[in-house]
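Enquirer: If you scroll down you'll find the structure; I have some questions about it.
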Number of protein chains: 2
Amino acid sequence: MEPIKQEQYSILVVEDDKEIRNGIEIFLRSQGYEVYQAADGIEGLEMIKQHEIHLAIVDIMMPRMNGITMTMELRKEHEFPVIMLSAKSEETDKVIGLNIGADDYVTKPFTPLELMARVNSQLRRYTRFKNKSQTVVENDRIHILGGLELNEDTVELTVDGKPVKLTPIEYKIVLLLMKNPGKVFSAEEIYERVWNEMAINTDTIMVHVKNIRDKIEINPKEPKYLKVVWGVGYKMEKQP
Amino acid sequence: MEPIKQEQYSILVVEDDKEIRNGIEIFLRSQGYEVYQAADGIEGLEMIKQHEIHLAIVDIMMPRMNGITMTMELRKEHEFPVIMLSAKSEETDKVIGLNIGADDYVTKPFTPLELMARVNSQLRRYTRFKNKSQTVVENDRIHILGGLELNEDTVELTVDGKPVKLTPIEYKIVLLLMKNPGKVFSAEEIYERVWNEMAINTDTIMVHVKNIRDKIEINPKEPKYLKVVWGVGYKMEKQP
DNA sequence: ATTCCCAGTCATAAGTATGTAACCGTTACT
DNA sequence: AGTAACGGTTACATACTTATGACTGGGAAT
């Protein structure tokens with residue numbers, strides 16, 4: 001696990017629990033990041049004014065000003081990625097759905113690897129986006145596969161040009177598969193990467209797959225896109 | 001659903017209670033992992049020096065050297081995933097884990113299935129990550145032998161460019177042989193490495209070999225790829 | 001309150017893969 | 001040539017994996 005960093009990125013950690021805050025700081029520093037701390041939203045916004053920040057990790061529940069309000073505030077001025085921390089996955093879906101402007105979320109308790117993966121991923125995306133926005137807007141946030149077109153920015157999927165309504169979970173599954181065309185994911189893997197938690201059973205995935213097929217396939221009985229690989233998992237078939 | 005494991009991963013179990021240690025070992029072995037044991041942190045570090053370890057399961061409370069100290073020590077040199085075993089599910093334990101570099105937690109008491117799920121999940125992440133970091137390098141998850149091409153990511157085999165459908169077991173056998181071109185495996189060896197259990201009879205292998213030949217060989221009677229070595233076993237012939 | 005939508009669970013059906021056994025060919029050696 | 005040991009082939013019952021439709025409960029929208 002080695003971060004590739006030419007620049008030194010600065011990360012702001014906003015979290016009222018001092019132990020967690022320090023834990024995150026130590027870990028991020030060990031990965032070569034510069035770290036600033038704040039104990040609540042107001043302190044956090046103050047830090048952003050004073051320092052150049054490339055990414056913020058923000059807890060939702062905090063005294064004085066909570067993470068949601070803080071994120072909405074900072075978004076008026078800044079574009080850097082915000083990763084939210086929340087206690088349970090209940091609220092997080094709402095947060096994402098509400099389009100507060102957070103880019104990702106991690107549910108507590110989390111492991112270092114989880115957090116690290118998301119920090120790296122967001123920074124990668126952010127820095128690439130920044131560079132490209134000056135030239136042509138060649139977007140890697142639009143995924144095309146035959147007649148399927150998934151747009152990450154508008155969160156929309158079209159089949160042969162016709163928009164298709166996906167539920168949040170369906171969207172996440174399709175996104176994962178379309179980001180990796182041809183690659184096979186086991187049901188467990190899909191579960192872990194979409195839900196961010198251990199898989200309990202694979203029935204859930206099967207049902208979602210069926211529902212997705214009903215929406216995107218001309219003939220769901222003989223899928224053209226979302227195929228099963230027997231005994232292994234599912235994949236999005238590359239189109240000729 | 002069983003993961004496809006052609007490589008034998010080595011797991012170190014560090015736990016002072018001998019019964020638990022042995023219990024874990026039995027389950028891990030049944031899944032095809034190589035297992036090493038240690039009764040405390042000092043022994044554990046010793047084992048890591050002597051063997052190549054891909055994942056460690058470490059109890060927190062142990063005599064002589066506890067799991068936290070041990071994990072901090074091993075992190076100075078190694079990056080493989082560490083799963084901690086702890087008595088309480090207190091969040092503070094997990095915060096401590098953030099500081100020391102553990103990747104996941106299982107709270108005692110746990111079921112074998114729980115532990116297994118986490119072990120598989122962590123190894124999946126770890127190996128995936130390792131592969132991603134070497135983006136430029138020609139992928140070691142694609143194996144080519146003459147007209148045969150096997151891709152581990154898409155779980156596909158093509159013969160002269162044409163895709164061939166393999167069953168899970170056929171796939172595992174082909175993968176094992178193609179990863180070791182020219183190397184001869186006895187039927188027993190193939191059985192043990194694909195099934196992760198003792199071979200009872202070799203008929204099964206023979207049948208699978210025939211079925212594979214029917215799929216990948218132009219003339220199955222005179223195999224070009226999957227050859228028999230009389231009285232010894234089977235191999236994938238290196239191609240000129 | 002009522003309706004609607006989504007996520008998850010379950011029972012059952014449909015579809016594949018697998019192991020076994022019986023039988024046929026080949027090879028190596030006397 | 002005879003024969004014993006080994007490898008190849010075929011067929012089929014059984015076991016697994018995946019697909020499907022119906023049902024439940026929770027939450028949001030009306």
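Just remember, in the structure tokens the first chain shown is A, the second B, etc., residues are 1-based per chain, and ligands are 1-based in the order shown.
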Pull out every residue of chain B sitting within 12 Å of chain C, counting only C-alpha atoms (C1' of nucleotides), and send them as a list in words.
Expert: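 Applying the cut-off to the listed atoms yields Leu166, Thr167, Pro168, Ile169, Glu170, Ile200, Asn201, Thr202, Asp203, Thr204, Ile205, Met206, Val207, His208, Asn211, Lys221, Val229, Trp230 and Gly231 of chain B.
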Enquirer: Determine which residues of chain D sit within 8 Å of chain B, taking into account only C-alpha atoms (C1' of nucleotides), and present them as a JSON list (two decimals) with C-alpha atoms (C1' of nucleotides), in the first residue's frame.
Expert:
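And here is the file that came out, result_16.json:
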[["chain", "number", "residue", "atom", "x", "y", "z"],
["D", 6, "DC", "C1'", -2.55, -46.49, -17.11],
["D", 7, "DG", "C1'", -5.20, -43.07, -19.67],
["D", 8, "DG", "C1'", -9.51, -41.87, -22.45]]
Enquirer: Within 12 Å of Glu79 (chain B), counting only C-alpha atoms (C1' of nucleotides), which residues show up once you throw out same-chain ones fewer than 5 positions away? Write them as a ChimeraX atom specification, please.
Expert: /A:1-2,113 /B:48,52-56,71-74,101-103,122-123,126-127,129-130
Enquirer: Include N, CA and C atoms and write out the residues we just selected as a CSV table (one decimal), in the first residue's frame.
Expert:
chain,number,residue,atom,x,y,z
A,1,MET,N,0.9,-1.2,0.0
A,1,MET,CA,0.0,0.0,0.0
A,1,MET,C,0.9,1.2,0.0
A,2,GLU,N,1.2,1.7,-1.2
A,2,GLU,CA,2.1,2.9,-1.2
A,2,GLU,C,1.5,4.0,-2.0
A,113,LEU,N,-7.6,1.0,6.3
A,113,LEU,CA,-7.5,0.7,4.9
A,113,LEU,C,-8.7,1.3,4.1
B,48,ILE,N,7.2,-14.3,11.4
B,48,ILE,CA,7.1,-13.4,10.3
B,48,ILE,C,8.5,-13.3,9.6
B,52,GLU,N,7.1,-16.4,4.7
B,52,GLU,CA,6.4,-15.3,4.0
B,52,GLU,C,4.9,-15.4,4.4
B,53,ILE,N,4.5,-14.3,5.0
B,53,ILE,CA,3.1,-14.3,5.5
B,53,ILE,C,2.3,-13.3,4.6
B,54,HIS,N,1.0,-13.7,4.3
B,54,HIS,CA,0.2,-12.8,3.5
B,54,HIS,C,-0.9,-12.1,4.4
B,55,LEU,N,-1.1,-12.7,5.5
B,55,LEU,CA,-2.2,-12.1,6.4
B,55,LEU,C,-1.9,-12.6,7.8
B,56,ALA,N,-2.2,-11.7,8.8
B,56,ALA,CA,-2.0,-12.1,10.2
B,56,ALA,C,-3.3,-11.9,11.0
B,71,THR,N,1.6,-5.6,16.4
B,71,THR,CA,1.2,-5.1,15.1
B,71,THR,C,2.0,-3.8,14.7
B,72,MET,N,2.2,-3.0,15.7
B,72,MET,CA,3.0,-1.8,15.5
B,72,MET,C,4.4,-2.2,15.0
B,73,GLU,N,5.0,-3.2,15.6
B,73,GLU,CA,6.3,-3.7,15.2
B,73,GLU,C,6.3,-4.2,13.8
B,74,LEU,N,5.4,-5.0,13.5
B,74,LEU,CA,5.4,-5.7,12.2
B,74,LEU,C,5.1,-4.6,11.0
B,101,GLY,N,-2.4,0.4,12.8
B,101,GLY,CA,-2.3,-0.2,11.5
B,101,GLY,C,-3.0,-1.5,11.3
B,102,ALA,N,-3.9,-1.8,12.1
B,102,ALA,CA,-4.7,-3.0,11.9
B,102,ALA,C,-5.7,-2.7,10.8
B,103,ASP,N,-6.1,-3.7,10.0
B,103,ASP,CA,-7.0,-3.5,8.9
B,103,ASP,C,-8.4,-3.9,9.2
B,122,GLN,N,-10.2,-9.3,3.1
B,122,GLN,CA,-8.9,-8.6,3.3
B,122,GLN,C,-7.9,-9.1,2.2
B,123,LEU,N,-7.8,-10.4,2.0
B,123,LEU,CA,-6.9,-10.8,1.0
B,123,LEU,C,-7.3,-10.3,-0.4
B,126,TYR,N,-6.2,-6.7,-0.6
B,126,TYR,CA,-4.7,-6.6,-0.5
B,126,TYR,C,-4.1,-7.0,-1.9
B,127,THR,N,-4.6,-8.1,-2.4
B,127,THR,CA,-4.0,-8.6,-3.7
B,127,THR,C,-4.5,-7.7,-4.8
B,129,PHE,N,-5.1,-4.5,-4.6
B,129,PHE,CA,-4.4,-3.3,-4.5
B,129,PHE,C,-3.0,-3.4,-5.0
B,130,LYS,N,-2.4,-4.5,-4.6
B,130,LYS,CA,-1.0,-4.8,-5.0
B,130,LYS,C,-0.9,-4.8,-6.6
Enquirer: Can you give me the C-alpha RMSD, to one decimal in Å, for chain A fitted onto chain B with all Cα atoms paired in order?
Expert: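 That comparison of chain B with chain A gives 12.7 Å.
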Enquirer: Nearest residue to chain A out of B:Lys108, B:Arg141, B:Arg29, B:Lys49, using only C-alpha atoms?
Expert: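 Smallest separation from chain A among the options: B:Arg141.
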Enquirer: So that each row is one residue of chain A with an atom at most 8 Å from chain B, can you give its shortest atom pair and the distance in Å to one decimal, using only C-alpha atoms, rows by chain and rising number, as JSON lines?
Expert:
{"residue": "A:Met1", "atom": "CA", "partner": "B:Glu79", "partner_atom": "CA", "distance": 6.6}
{"residue": "A:Glu2", "atom": "CA", "partner": "B:Ser133", "partner_atom": "CA", "distance": 7.8}
{"residue": "A:Glu19", "atom": "CA", "partner": "B:Val95", "partner_atom": "CA", "distance": 6.9}
{"residue": "A:Ile20", "atom": "CA", "partner": "B:Val95", "partner_atom": "CA", "distance": 5.7}
{"residue": "A:Gly23", "atom": "CA", "partner": "B:Asn99", "partner_atom": "CA", "distance": 5.0}
{"residue": "A:Ile24", "atom": "CA", "partner": "B:Leu98", "partner_atom": "CA", "distance": 6.6}
{"residue": "A:Ile26", "atom": "CA", "partner": "B:Asn99", "partner_atom": "CA", "distance": 6.2}
{"residue": "A:Phe27", "atom": "CA", "partner": "B:Asn99", "partner_atom": "CA", "distance": 6.1}
{"residue": "A:Pro109", "atom": "CA", "partner": "B:Glu91", "partner_atom": "CA", "distance": 6.6}
{"residue": "A:Phe110", "atom": "CA", "partner": "B:Lys94", "partner_atom": "CA", "distance": 7.7}
{"residue": "A:Thr111", "atom": "CA", "partner": "B:Asp103", "partner_atom": "CA", "distance": 5.4}
{"residue": "A:Pro112", "atom": "CA", "partner": "B:Leu98", "partner_atom": "CA", "distance": 5.5}
{"residue": "A:Leu113", "atom": "CA", "partner": "B:Asp103", "partner_atom": "CA", "distance": 5.8}
{"residue": "A:Gly182", "atom": "CA", "partner": "B:Thr154", "partner_atom": "CA", "distance": 5.5}
{"residue": "A:Lys183", "atom": "CA", "partner": "B:Thr154", "partner_atom": "CA", "distance": 4.4}
{"residue": "A:Val184", "atom": "CA", "partner": "B:Thr154", "partner_atom": "CA", "distance": 5.3}
{"residue": "A:Glu189", "atom": "CA", "partner": "B:Ser121", "partner_atom": "CA", "distance": 7.8}
{"residue": "A:Met198", "atom": "CA", "partner": "B:Ala117", "partner_atom": "CA", "distance": 7.3}
{"residue": "A:Ala199", "atom": "CA", "partner": "B:Ala117", "partner_atom": "CA", "distance": 7.8}
{"residue": "A:Trp230", "atom": "CA", "partner": "B:Pro168", "partner_atom": "CA", "distance": 6.9}
{"residue": "A:Gly231", "atom": "CA", "partner": "B:Pro168", "partner_atom": "CA", "distance": 5.9}
{"residue": "A:Val232", "atom": "CA", "partner": "B:Pro168", "partner_atom": "CA", "distance": 7.3}
Enquirer: Based on the selection just made, write N, CA and C atoms of those residues as a compact mmCIF listing (two decimals), in the first residue's frame.
Expert:
# COMPACT_ATOMS: atom_id res chain seq x y z
N MET A 1 0.85 -1.20 0.00
CA MET A 1 0.00 0.00 0.00
C MET A 1 0.88 1.24 0.00
N GLU A 2 1.22 1.74 -1.16
CA GLU A 2 2.12 2.88 -1.20
C GLU A 2 1.51 4.03 -1.97
N GLU A 19 -9.86 11.33 20.35
CA GLU A 19 -9.12 10.08 20.10
C GLU A 19 -9.18 9.69 18.64
N ILE A 20 -10.37 9.72 18.11
CA ILE A 20 -10.53 9.36 16.70
C ILE A 20 -9.74 10.33 15.83
N GLY A 23 -6.18 9.56 15.99
CA GLY A 23 -5.94 8.29 15.29
C GLY A 23 -5.84 8.51 13.79
N ILE A 24 -6.79 9.25 13.28
CA ILE A 24 -6.78 9.51 11.84
C ILE A 24 -5.55 10.30 11.45
N ILE A 26 -2.59 10.43 12.86
CA ILE A 26 -1.38 9.62 12.86
C ILE A 26 -1.31 8.75 11.62
N PHE A 27 -2.45 8.19 11.30
CA PHE A 27 -2.46 7.31 10.13
C PHE A 27 -2.19 8.07 8.84
N PRO A 109 -17.69 2.12 13.00
CA PRO A 109 -16.23 2.22 13.00
C PRO A 109 -15.65 1.73 11.68
N PHE A 110 -14.58 2.36 11.27
CA PHE A 110 -13.96 1.99 10.00
C PHE A 110 -12.54 1.54 10.24
N THR A 111 -11.98 0.90 9.25
CA THR A 111 -10.59 0.46 9.36
C THR A 111 -9.72 1.40 8.54
N PRO A 112 -8.45 1.48 8.90
CA PRO A 112 -7.54 2.40 8.22
C PRO A 112 -7.55 2.20 6.70
N LEU A 113 -7.57 0.95 6.30
CA LEU A 113 -7.51 0.68 4.87
C LEU A 113 -8.70 1.27 4.13
N GLY A 182 -16.15 -6.00 -18.28
CA GLY A 182 -15.58 -7.32 -18.52
C GLY A 182 -15.08 -7.99 -17.26
N LYS A 183 -14.79 -7.19 -16.26
CA LYS A 183 -14.25 -7.78 -15.03
C LYS A 183 -15.34 -8.45 -14.20
N VAL A 184 -15.02 -9.61 -13.71
CA VAL A 184 -16.00 -10.38 -12.96
C VAL A 184 -15.89 -10.08 -11.47
N GLU A 189 -18.11 -9.71 -3.28
CA GLU A 189 -17.33 -8.53 -3.61
C GLU A 189 -18.25 -7.36 -3.94
N MET A 198 -19.51 -6.21 5.43
CA MET A 198 -19.39 -7.63 5.14
C MET A 198 -20.67 -8.17 4.50
N ALA A 199 -20.50 -9.04 3.57
CA ALA A 199 -21.65 -9.70 2.96
C ALA A 199 -22.20 -10.77 3.91
N TRP A 230 -20.67 -18.43 -14.32
CA TRP A 230 -21.09 -19.51 -13.44
C TRP A 230 -20.08 -19.85 -12.36
N GLY A 231 -20.57 -19.89 -11.15
CA GLY A 231 -19.71 -20.27 -10.02
C GLY A 231 -18.75 -19.18 -9.62
N VAL A 232 -18.77 -18.04 -10.28
CA VAL A 232 -17.82 -16.98 -9.96
C VAL A 232 -18.52 -15.68 -9.59
